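**Student:** Have a peek at coords-v9.cif (mmCIF, C-alpha atoms and all ligand atoms).
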```cif
data_work
#
loop_
_atom_site.label_atom_id
_atom_site.label_comp_id
_atom_site.auth_asym_id
_atom_site.auth_seq_id
_atom_site.Cartn_x
_atom_site.Cartn_y
_atom_site.Cartn_z
CA MET A 137 -25.53 6.18 -15.79
CA LYS A 138 -27.08 6.11 -12.33
CA ASP A 139 -24.71 7.05 -9.51
CA VAL A 140 -22.86 4.04 -8.11
CA TYR A 141 -22.33 3.90 -4.35
CA ILE A 142 -19.92 1.18 -3.29
CA LEU A 143 -19.47 0.14 0.32
CA ALA A 144 -16.08 -1.54 0.72
CA ILE A 145 -14.41 -3.41 3.54
CA GLU A 146 -10.64 -3.77 4.06
CA SER A 147 -9.17 -6.04 6.74
CA SER A 148 -6.08 -7.58 5.11
CA CYS A 149 -3.62 -6.65 7.87
CA ASP A 150 -4.06 -4.59 11.02
CA GLU A 151 -6.59 -1.95 9.98
CA THR A 152 -10.33 -2.64 10.11
CA SER A 153 -11.83 -0.22 7.64
CA ALA A 154 -15.08 0.44 5.79
CA SER A 155 -15.85 3.18 3.33
CA ILE A 156 -18.50 4.39 0.90
CA VAL A 157 -17.33 5.97 -2.36
CA LYS A 158 -19.54 7.44 -5.09
CA ASN A 159 -18.64 6.74 -8.72
CA GLY A 160 -15.11 5.61 -7.88
CA CYS A 161 -13.79 9.01 -6.88
CA GLU A 162 -16.04 10.82 -4.39
CA GLU A 163 -15.47 9.74 -0.80
CA ILE A 164 -18.75 9.83 1.12
CA GLY A 165 -17.39 8.48 4.38
CA THR A 166 -14.64 6.26 5.77
CA VAL A 167 -13.85 4.67 9.09
CA VAL A 168 -10.39 3.21 9.81
CA LEU A 169 -9.74 1.47 13.10
CA SER A 170 -6.04 0.77 13.44
CA GLN A 171 -4.64 -1.92 15.73
CA MET A 172 -1.14 -0.49 15.46
CA ASP A 173 -0.81 0.38 19.16
CA THR A 174 -1.57 -3.21 20.16
CA HIS A 175 0.87 -4.78 17.69
CA ALA A 176 3.57 -2.23 18.60
CA ASN A 177 3.89 -4.09 21.94
CA TYR A 178 5.11 -7.13 20.00
CA GLY A 179 7.32 -5.32 17.46
CA GLY A 180 5.13 -6.37 14.52
CA VAL A 181 1.68 -7.60 13.51
CA VAL A 182 0.62 -10.78 15.36
CA PRO A 183 -1.80 -12.50 12.93
CA GLU A 184 -3.94 -14.24 15.57
CA ILE A 185 -4.43 -11.03 17.54
CA ALA A 186 -5.16 -9.13 14.32
CA SER A 187 -8.00 -11.45 13.27
CA ARG A 188 -9.54 -11.45 16.75
CA MET A 189 -9.50 -7.65 16.83
CA HIS A 190 -11.08 -7.48 13.36
CA ILE A 191 -13.93 -9.65 14.68
CA GLU A 192 -14.43 -7.31 17.63
CA ASN A 193 -14.31 -4.19 15.45
CA ILE A 194 -15.99 -4.97 12.15
CA THR A 195 -19.63 -4.29 13.13
CA LEU A 196 -18.63 -1.18 15.10
CA VAL A 197 -16.81 0.15 12.05
CA LEU A 198 -19.77 -0.56 9.74
CA ASP A 199 -22.27 1.04 12.15
CA GLU A 200 -20.11 4.13 12.50
CA LEU A 201 -19.69 4.35 8.72
CA LEU A 202 -23.45 4.48 8.13
CA ILE A 203 -23.90 7.14 10.81
CA LYS A 204 -21.03 9.19 9.41
CA SER A 205 -22.19 8.85 5.80
CA LYS A 206 -25.86 9.59 6.59
CA LEU A 207 -26.80 6.73 4.25
CA THR A 208 -28.66 3.46 4.68
CA MET A 209 -27.99 0.10 3.03
CA ASP A 210 -30.80 0.95 0.56
CA ASP A 211 -28.55 3.63 -0.94
CA ILE A 212 -25.71 1.17 -1.61
CA THR A 213 -25.31 -0.19 -5.15
CA ALA A 214 -22.80 -2.95 -4.36
CA PHE A 215 -20.46 -4.25 -1.68
CA ALA A 216 -16.73 -4.75 -2.21
CA VAL A 217 -14.06 -6.47 -0.20
CA THR A 218 -10.31 -7.11 -0.20
CA TYR A 219 -10.03 -10.87 -0.81
CA GLY A 220 -6.20 -10.88 -0.81
CA PRO A 221 -3.28 -10.78 -0.58
CA GLY A 222 -2.86 -10.45 3.17
CA LEU A 223 -3.15 -12.31 6.45
CA ILE A 224 -5.62 -15.10 5.90
CA GLY A 225 -7.42 -14.87 9.26
CA SER A 226 -7.73 -11.10 8.94
CA LEU A 227 -8.97 -11.26 5.35
CA LEU A 228 -11.63 -13.83 6.28
CA VAL A 229 -13.27 -11.46 8.77
CA GLY A 230 -13.83 -8.73 6.16
CA LEU A 231 -14.79 -11.30 3.57
CA GLU A 232 -17.49 -12.92 5.72
CA ALA A 233 -18.89 -9.50 6.64
CA ALA A 234 -19.08 -8.45 2.97
CA LYS A 235 -20.61 -11.77 1.89
CA THR A 236 -23.22 -11.47 4.63
CA LEU A 237 -24.14 -7.93 3.56
CA SER A 238 -24.35 -8.99 -0.09
CA TYR A 239 -26.61 -11.93 0.81
CA VAL A 240 -28.87 -10.08 3.25
CA TYR A 241 -29.33 -6.98 1.08
CA ASN A 242 -29.26 -8.91 -2.19
CA LYS A 243 -26.68 -6.68 -3.87
CA PRO A 244 -23.59 -7.56 -5.93
CA LEU A 245 -20.30 -8.48 -4.29
CA ILE A 246 -17.08 -7.24 -5.91
CA PRO A 247 -13.73 -8.89 -5.08
CA VAL A 248 -10.79 -6.46 -4.94
CA HIS A 249 -7.05 -7.21 -4.98
CA HIS A 250 -5.35 -5.21 -2.23
CA ILE A 251 -2.75 -3.74 -4.61
CA ALA A 252 -5.44 -2.70 -7.11
CA GLY A 253 -6.87 -0.82 -4.14
CA HIS A 254 -3.58 0.94 -3.40
CA ILE A 255 -3.25 1.90 -7.08
CA TYR A 256 -6.80 3.28 -7.30
CA ALA A 257 -6.23 5.45 -4.20
CA ASN A 258 -4.79 7.78 -6.84
CA ASN A 259 -8.21 8.25 -8.43
CA LEU A 260 -9.32 9.91 -5.20
CA VAL A 261 -6.73 12.62 -5.88
CA LYS A 262 -6.98 12.99 -9.66
CA LYS A 263 -8.49 10.87 -12.44
CA MET A 264 -5.76 8.48 -13.52
CA GLN A 265 -4.31 9.19 -16.98
CA PHE A 266 -3.21 6.26 -19.16
CA PRO A 267 -0.84 4.77 -20.07
CA LEU A 268 0.88 4.94 -16.72
CA ILE A 269 3.49 3.31 -14.55
CA ALA A 270 2.50 2.55 -10.96
CA LEU A 271 5.20 2.21 -8.33
CA VAL A 272 3.69 0.11 -5.53
CA VAL A 273 5.64 0.29 -2.28
CA SER A 274 4.13 -1.20 0.85
CA GLY A 275 4.86 -3.49 3.77
CA GLY A 276 4.15 -6.53 1.60
CA HIS A 277 4.88 -5.33 -1.96
CA THR A 278 7.38 -3.53 -4.13
CA GLU A 279 6.24 -3.60 -7.73
CA LEU A 280 6.40 -1.68 -10.96
CA VAL A 281 3.15 -2.05 -12.89
CA TYR A 282 2.38 -0.85 -16.42
CA MET A 283 -1.27 0.04 -17.07
CA LYS A 284 -2.45 0.89 -20.57
CA GLU A 285 -6.06 1.37 -19.41
CA ASP A 286 -8.32 0.92 -16.39
CA TYR A 287 -7.92 -2.43 -14.70
CA SER A 288 -5.20 -3.68 -17.01
CA PHE A 289 -2.21 -4.56 -14.81
CA GLU A 290 1.09 -5.69 -16.33
CA LYS A 291 3.66 -6.34 -13.65
CA ILE A 292 7.06 -5.46 -15.12
CA GLY A 293 9.16 -5.94 -12.00
CA GLY A 294 9.00 -6.69 -8.33
CA THR A 295 10.99 -7.55 -5.28
CA LEU A 296 12.90 -10.82 -5.26
CA ASP A 297 12.84 -10.98 -1.45
CA ASP A 298 11.78 -8.40 1.15
CA ALA A 299 9.27 -5.69 0.34
CA VAL A 300 10.59 -2.18 0.84
CA GLY A 301 8.33 -1.46 3.86
CA GLU A 302 9.38 -4.75 5.41
CA ALA A 303 13.05 -3.76 5.04
CA TYR A 304 12.30 -0.36 6.63
CA ASP A 305 10.57 -2.08 9.57
CA LYS A 306 13.39 -4.60 10.11
CA VAL A 307 16.14 -1.99 9.87
CA ALA A 308 14.18 0.22 12.29
CA ARG A 309 13.97 -2.64 14.75
CA VAL A 310 17.73 -3.18 14.78
CA LEU A 311 18.18 0.57 15.26
CA GLY A 312 15.96 0.33 18.35
CA LEU A 313 13.06 2.30 16.85
CA PRO A 314 9.41 1.44 17.59
CA TYR A 315 7.07 -0.40 15.19
CA PRO A 316 6.13 0.47 12.48
CA GLY A 317 9.65 1.52 11.65
CA GLY A 318 9.10 3.18 8.26
CA PRO A 319 7.72 6.48 9.60
CA GLU A 320 10.35 6.47 12.39
CA ILE A 321 13.24 6.15 9.91
CA ASP A 322 11.60 8.84 7.78
CA LYS A 323 11.53 11.15 10.83
CA ILE A 324 15.11 10.71 12.04
CA ALA A 325 16.82 10.41 8.63
CA GLY A 326 16.35 14.16 8.20
CA LEU A 327 18.63 14.71 11.21
CA GLY A 328 21.52 12.57 9.91
CA ASN A 329 24.43 12.59 7.47
CA ASP A 330 24.85 9.94 4.79
CA SER A 331 28.10 8.69 6.31
CA TYR A 332 27.78 4.89 6.22
CA GLN A 333 28.94 2.90 3.19
CA LEU A 334 26.00 0.77 2.07
CA PRO A 335 25.51 -0.89 -1.34
CA LEU A 336 22.92 0.27 -3.87
CA PRO A 337 20.58 -2.75 -3.81
CA LEU A 338 20.24 -4.76 -7.06
CA ASN A 339 21.62 -2.01 -9.23
CA ASP A 340 21.13 -3.91 -12.51
CA ASP A 341 19.23 -3.56 -15.78
CA THR A 342 16.03 -5.30 -14.65
CA TYR A 343 12.94 -3.78 -13.05
CA ASN A 344 13.33 -6.07 -10.06
CA PHE A 345 14.28 -5.06 -6.54
CA SER A 346 16.04 -6.78 -3.68
CA PHE A 347 16.17 -5.31 -0.19
CA SER A 348 17.30 -8.24 1.92
CA GLY A 349 21.00 -7.56 1.13
CA ILE A 350 20.94 -3.96 2.34
CA LYS A 351 18.81 -4.95 5.33
CA SER A 352 21.39 -7.62 6.30
CA ALA A 353 24.23 -5.14 5.68
CA VAL A 354 22.66 -2.76 8.24
CA ILE A 355 22.00 -5.56 10.75
CA ASN A 356 25.58 -6.88 10.45
CA LEU A 357 27.03 -3.40 10.72
CA VAL A 358 25.08 -2.72 13.92
CA HIS A 359 26.10 -6.06 15.47
CA ASN A 360 29.79 -5.61 14.53
CA GLU A 361 29.93 -2.07 15.89
CA LYS A 362 28.22 -3.18 19.12
CA GLN A 363 30.73 -6.01 19.53
CA ARG A 364 33.60 -3.56 19.12
CA GLY A 365 31.96 -1.30 21.72
CA ASN A 366 31.39 1.46 19.16
CA GLU A 367 28.32 3.64 19.25
CA ILE A 368 25.94 3.59 16.28
CA ARG A 369 25.10 6.96 14.76
CA VAL A 370 21.44 6.03 14.40
CA ASN A 371 20.34 9.11 12.42
CA ASP A 372 23.25 8.70 10.00
CA LEU A 373 22.57 5.01 9.45
CA ALA A 374 18.86 5.68 8.93
CA LEU A 375 19.68 8.29 6.28
CA SER A 376 22.32 6.12 4.56
CA PHE A 377 19.83 3.24 4.33
CA GLN A 378 17.00 5.47 3.14
CA ASN A 379 19.15 7.19 0.51
CA ARG A 380 20.14 3.87 -1.11
CA VAL A 381 16.57 2.55 -1.09
CA VAL A 382 15.07 5.73 -2.49
CA SER A 383 17.77 6.05 -5.15
CA ILE A 384 17.18 2.57 -6.54
CA LEU A 385 13.39 3.02 -6.49
CA THR A 386 13.72 6.34 -8.32
CA LYS A 387 16.27 5.01 -10.81
CA LYS A 388 14.30 1.92 -11.85
CA THR A 389 11.02 3.86 -12.00
CA LEU A 390 12.58 6.37 -14.40
CA LYS A 391 13.98 3.53 -16.52
CA ALA A 392 10.48 2.00 -16.74
CA LEU A 393 8.89 5.33 -17.70
CA ARG A 394 11.45 5.79 -20.48
CA GLN A 395 11.36 2.25 -21.79
CA TYR A 396 7.55 2.12 -21.88
CA ASN A 397 7.39 5.65 -23.25
CA VAL A 398 4.98 6.72 -20.54
CA ASN A 399 4.68 10.15 -18.97
CA ASN A 400 2.28 9.40 -16.12
CA LEU A 401 3.52 8.04 -12.81
CA ILE A 402 1.41 7.13 -9.81
CA VAL A 403 2.73 5.91 -6.48
CA ALA A 404 0.87 3.61 -4.12
CA GLY A 405 1.20 1.84 -0.77
CA GLY A 406 2.28 2.74 2.75
CA VAL A 407 5.86 3.65 1.84
CA ALA A 408 4.48 6.32 -0.53
CA ALA A 409 4.05 8.29 2.71
CA ASN A 410 7.85 8.57 2.89
CA LYS A 411 8.88 12.23 2.63
CA TYR A 412 12.22 11.55 0.99
CA LEU A 413 10.76 9.16 -1.61
CA ARG A 414 8.08 11.72 -2.44
CA SER A 415 10.59 14.51 -2.95
CA SER A 416 12.99 12.31 -4.94
CA LEU A 417 10.18 11.24 -7.31
CA GLU A 418 8.92 14.83 -7.58
CA LYS A 419 12.38 16.00 -8.62
CA MET A 420 12.84 13.16 -11.12
CA CYS A 421 9.40 13.81 -12.64
CA GLN A 422 10.00 17.54 -12.89
CA GLU A 423 13.31 16.99 -14.67
CA ASN A 424 11.76 14.49 -17.11
CA ASN A 425 8.40 16.12 -17.76
CA ILE A 426 6.43 13.33 -16.11
CA ASN A 427 3.00 13.86 -14.52
CA LEU A 428 3.22 12.56 -10.99
CA VAL A 429 0.34 11.74 -8.66
CA ILE A 430 0.89 10.54 -5.10
CA PRO A 431 -2.13 10.03 -2.84
CA ASP A 432 -2.63 12.08 0.31
CA LEU A 433 -0.99 10.44 3.31
CA LYS A 434 -4.29 9.06 4.68
CA TYR A 435 -4.86 7.17 1.40
CA CYS A 436 -1.32 5.73 1.30
CA THR A 437 -1.67 3.35 4.26
CA ASP A 438 -4.37 0.67 4.35
CA ASN A 439 -7.94 1.95 4.11
CA ALA A 440 -11.23 0.88 2.56
CA THR A 441 -11.66 4.09 0.54
CA MET A 442 -9.10 2.85 -1.98
CA ILE A 443 -10.87 -0.53 -2.14
CA ALA A 444 -14.20 1.16 -2.93
CA ALA A 445 -12.51 3.41 -5.52
CA SER A 446 -10.97 0.38 -7.22
CA ALA A 447 -14.17 -1.67 -7.00
CA TYR A 448 -16.03 0.89 -9.10
CA TYR A 449 -13.93 -0.02 -12.16
CA ALA A 450 -14.20 -3.73 -11.41
CA TYR A 451 -17.97 -3.24 -11.13
CA LYS A 452 -18.12 -1.48 -14.51
CA LEU A 453 -16.17 -4.38 -16.04
CA GLY A 454 -18.74 -6.82 -14.65
CA ARG A 455 -16.46 -8.45 -12.09
CA ARG A 456 -18.59 -10.15 -9.46
CA ALA A 457 -18.05 -12.76 -6.77
CA ASP A 458 -20.54 -15.17 -5.26
CA LEU A 459 -20.74 -16.52 -1.74
CA THR A 460 -18.00 -19.08 -2.45
CA LEU A 461 -15.41 -16.26 -2.61
CA ASN A 462 -12.42 -17.25 -0.48
CA ALA A 463 -9.51 -15.28 0.96
CA LYS A 464 -6.09 -15.61 -0.68
CA ALA A 465 -2.92 -14.95 1.29
CA VAL A 466 -0.99 -14.63 -2.00
CA ASP A 467 -2.41 -13.71 -5.38
CA GLU A 468 -1.10 -12.08 -8.57
CA LEU A 469 -2.54 -8.66 -9.43
CA LYS A 470 -4.99 -9.10 -12.31
O1 LIG B 1 0.38 -0.25 2.57
P1 LIG B 1 0.59 -0.47 4.03
O2 LIG B 1 -0.20 0.37 5.01
O3 LIG B 1 0.35 -1.96 4.41
C1 LIG B 1 0.65 -3.00 3.53
O4 LIG B 1 -0.19 -3.28 2.62
O5 LIG B 1 1.76 -3.53 3.67
O6 LIG B 1 2.17 -0.26 4.27
C2 LIG B 1 2.74 -0.39 5.54
C3 LIG B 1 4.23 -0.16 5.39
C4 LIG B 1 5.00 -0.45 6.68
O7 LIG B 1 6.11 -1.26 6.38
C5 LIG B 1 5.44 0.94 7.13
O8 LIG B 1 6.65 0.93 7.87
C6 LIG B 1 5.61 1.66 5.81
O9 LIG B 1 4.51 1.21 5.04
N1 LIG B 1 5.56 3.11 5.95
C7 LIG B 1 6.62 3.91 5.68
C8 LIG B 1 6.21 5.23 5.99
N2 LIG B 1 4.90 5.18 6.42
C9 LIG B 1 4.52 3.87 6.38
N3 LIG B 1 7.84 3.62 5.23
C10 LIG B 1 8.71 4.63 5.06
N4 LIG B 1 8.38 5.91 5.34
C11 LIG B 1 7.17 6.26 5.80
N5 LIG B 1 6.87 7.55 6.07
ZN ZN B 2 -1.47 -2.15 1.91
#
```
Could you write out this structure as structure tokens?

**Tutor:**
Amino acid sequence: MKDVYILAIESSCDETSASIVKNGCEEIGTVVLSQMDTHANYGGVVPEIASRMHIENITLVLDELLIKSKLTMDDITAFAVTYGPGLIGSLLVGLEAAKTLSYVYNKPLIPVHHIAGHIYANNLVKKMQFPLIALVVSGGHTELVYMKEDYSFEKIGGTLDDAVGEAYDKVARVLGLPYPGGPEIDKIAGLGNDSYQLPLPLNDDTYNFSFSGIKSAVINLVHNEKQRGNEIRVNDLALSFQNRVVSILTKKTLKALRQYNVNNLIVAGGVAANKYLRSSLEKMCQENNINLVIPDLKYCTDNATMIAASAYYAYKLGRRADLTLNAKAVDELK
């Protein structure tokens, strides 16, 4: 088969990114322009600001990508874009750019689900082996997905309320840490002792997760201690929170691997950058003879490389969109 070069765009949240990937696994070039510093002033992503910044940045990102990749649009086989889930205004900017490119250059347009992108970031590290369980942990998602082959996604469990990254960010805020809080908690937890009593969240027999209870427990604890004039041991609380979260993620992932008789685990999403989660999963996989793949840090947070990697398999399956493709704030992985 002729080499397939896919140019993908990702703009679902606060990163404007474009990337070209060859045959679903060879990164030719990527540009990621993060708006994080701007949103940090507000303690979280402001959707209106995010979409305006995507508009300002999208053509700059695409121009830089072509220079960096030393390719022209003639070399591109197809365009791909994240159509959802995400912030609607942000998604629309990437979507319109991709539709325009597809129309002007008369090449196919491939719609990609953001979580399929996170999952396929793993193919950039090592060809995914099936069947597998994917643990998806990001700012918007916490899901366990069973895949028996490429592009077959069976969601076996997910969060009933907050996503794990969202809980990290909210707990970090109450601890007075800057946005995004996940990496900050990760940093300081290593300096603490697990000395606060916090519950193991939704410790039941399902594959579902719930993080709003533990998040509220931390928020209440901080408020109560402040009212009593007691000082919060921030590092200790960060570690106590992180330990419970990582333990339940590890426990339910192992249960899924056993129940589905699978010995391949991949991890996806921004929270996969978490050092403690990585080492806990590594230990669990070593003890249970499971092959574990976790993407490099730069592929864990939002980027268009993962969207292009994922789009290659969608392309091979014949998935195409036309110019009526719309953005979806919420959409099941399929
Ligand atoms: O996948 P992502 O870049 O965006 C979404 O699709 O949501 O994930 C962002 C989330 C944020 O909540 C951020 O705090 C969290 O990933 N995150 C981390 C770490 N790095 C990023 N959470 C815990 N530990 C980290 N090292
Ligand atoms: Zn993401």

**Student:** Using only C-alpha atoms and all ligand atoms, find each protein or nucleic acid residue lying at most 8 Å from ligand ZN 2 (chain B); present the set as a short mmCIF file (atom, residue, chain, number, x, y, z; two decimals) with C-alpha atoms, keeping the file's coordinate frame.

**Tutor:**
```cif
data_model
loop_
_atom_site.label_atom_id
_atom_site.label_comp_id
_atom_site.auth_asym_id
_atom_site.auth_seq_id
_atom_site.Cartn_x
_atom_site.Cartn_y
_atom_site.Cartn_z
CA SER A 148 -6.08 -7.58 5.11
CA CYS A 149 -3.62 -6.65 7.87
CA HIS A 250 -5.35 -5.21 -2.23
CA ILE A 251 -2.75 -3.74 -4.61
CA HIS A 254 -3.58 0.94 -3.40
CA SER A 274 4.13 -1.20 0.85
CA GLY A 275 4.86 -3.49 3.77
CA GLY A 276 4.15 -6.53 1.60
CA GLY A 405 1.20 1.84 -0.77
CA GLY A 406 2.28 2.74 2.75
CA CYS A 436 -1.32 5.73 1.30
CA THR A 437 -1.67 3.35 4.26
CA ASP A 438 -4.37 0.67 4.35
CA ASN A 439 -7.94 1.95 4.11
#
```

**Student:** Scan for residues within 6 Å of the point (3.4, 14.2, -18.6) in the coordinates of the file, using all atoms listed in the file, and reply as a list in words.

**Tutor:**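 These residues have at least one counted atom within 6 Å: Asn399, Asn400, Asn425, Ile426 and Asn427 of chain A.
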
**Student:** How would the residues just picked look written out with C-alpha atoms as a PDB file, in the frame of the given file?

**Tutor:**
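out29.pdb written:
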```pdb
ATOM      1  CA  ASN A 399       4.680  10.150 -18.970  1.00  0.00           C
ATOM      2  CA  ASN A 400       2.280   9.400 -16.120  1.00  0.00           C
ATOM      3  CA  ASN A 425       8.400  16.120 -17.760  1.00  0.00           C
ATOM      4  CA  ILE A 426       6.430  13.330 -16.110  1.00  0.00           C
ATOM      5  CA  ASN A 427       3.000  13.860 -14.520  1.00  0.00           C
TER       6      ASN A 427
END
```

**Student:** For ligand LIG 1 (chain B), collect every residue having any atom at a distance of at most 10 Å from a ligand atom (counting all atoms listed in the file); output as a VMD selection string.

**Tutor:** chain A and resid 148 to 151 180 221 to 222 250 to 251 253 to 254 272 to 278 299 to 306 308 315 to 323 378 382 404 to 414 433 to 439

**Student:** Would you pick out the contacts of range 459-466 of chain A at 9 Å or less, using only C-alpha atoms, so that residues sharing its chain but fewer than 3 positions from it are not included, and give the list as a list in words?

**Tutor:**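 The residues satisfying every condition are Ser148, Thr218, Tyr219, Gly220, Pro221, Gly222, Leu223, Ile224, Gly225, Leu227, Leu228, Leu231, Glu232, Lys235, Thr236, Ser238, Tyr239, Leu245 and Pro247 of chain A.
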
**Student:** Name the closest residue to His249 in chain A among the candidates A:Leu311, A:Cys161, A:Val217, A:Leu196; distances are taken between atoms, counting all atoms listed in the file.

**Tutor:** A:Val217

**Student:** Return the padded bounding box of range 350-366 of chain A as JSON: axis-aligned, built from all atoms listed in the file, 6 Å added on each side, with centre and edge lengths in Å to one decimal.

**Tutor:**
```
{"center_x": 26.2, "center_y": -3.1, "center_z": 12.0, "size_x": 26.8, "size_y": 21.1, "size_z": 31.4}
```

**Student:** Please determine, counting only C-alpha atoms, which residue among A:Ile368, A:Met209, A:Met442, A:Val429 has the shortest atom-to-atom distance to Val168 in chain A.

**Tutor:**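 Selected residue with least distance to Val168 in chain A: A:Met442.
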
**Student:** With only C-alpha atoms as the basis for distance, which of A:Lys362, A:Arg309, A:Lys291, A:Arg394 is at the shortest distance from Lys470 in chain A?

**Tutor:**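 Selected residue with least distance to Lys470 in chain A: A:Lys291.
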
**Student:** Which residues come within 6 Å of range 455-458 of chain A, counting only C-alpha atoms, excluding same-chain residues fewer than 4 positions away, as a list in words?

**Tutor:** Leu245, Ile246, Ala450 and Tyr451 of chain A

**Student:** Convert the current residue selection to file output with C-alpha atoms, as an mmCIF file, in the frame of the given file.

**Tutor:**
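Result went into again22.cif, see below:
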```
data_model
loop_
_atom_site.group_PDB
_atom_site.id
_atom_site.type_symbol
_atom_site.label_atom_id
_atom_site.label_comp_id
_atom_site.auth_asym_id
_atom_site.auth_seq_id
_atom_site.Cartn_x
_atom_site.Cartn_y
_atom_site.Cartn_z
ATOM 1 C CA LEU A 245 -20.300 -8.480 -4.290
ATOM 2 C CA ILE A 246 -17.080 -7.240 -5.910
ATOM 3 C CA ALA A 450 -14.200 -3.730 -11.410
ATOM 4 C CA TYR A 451 -17.970 -3.240 -11.130
#
```
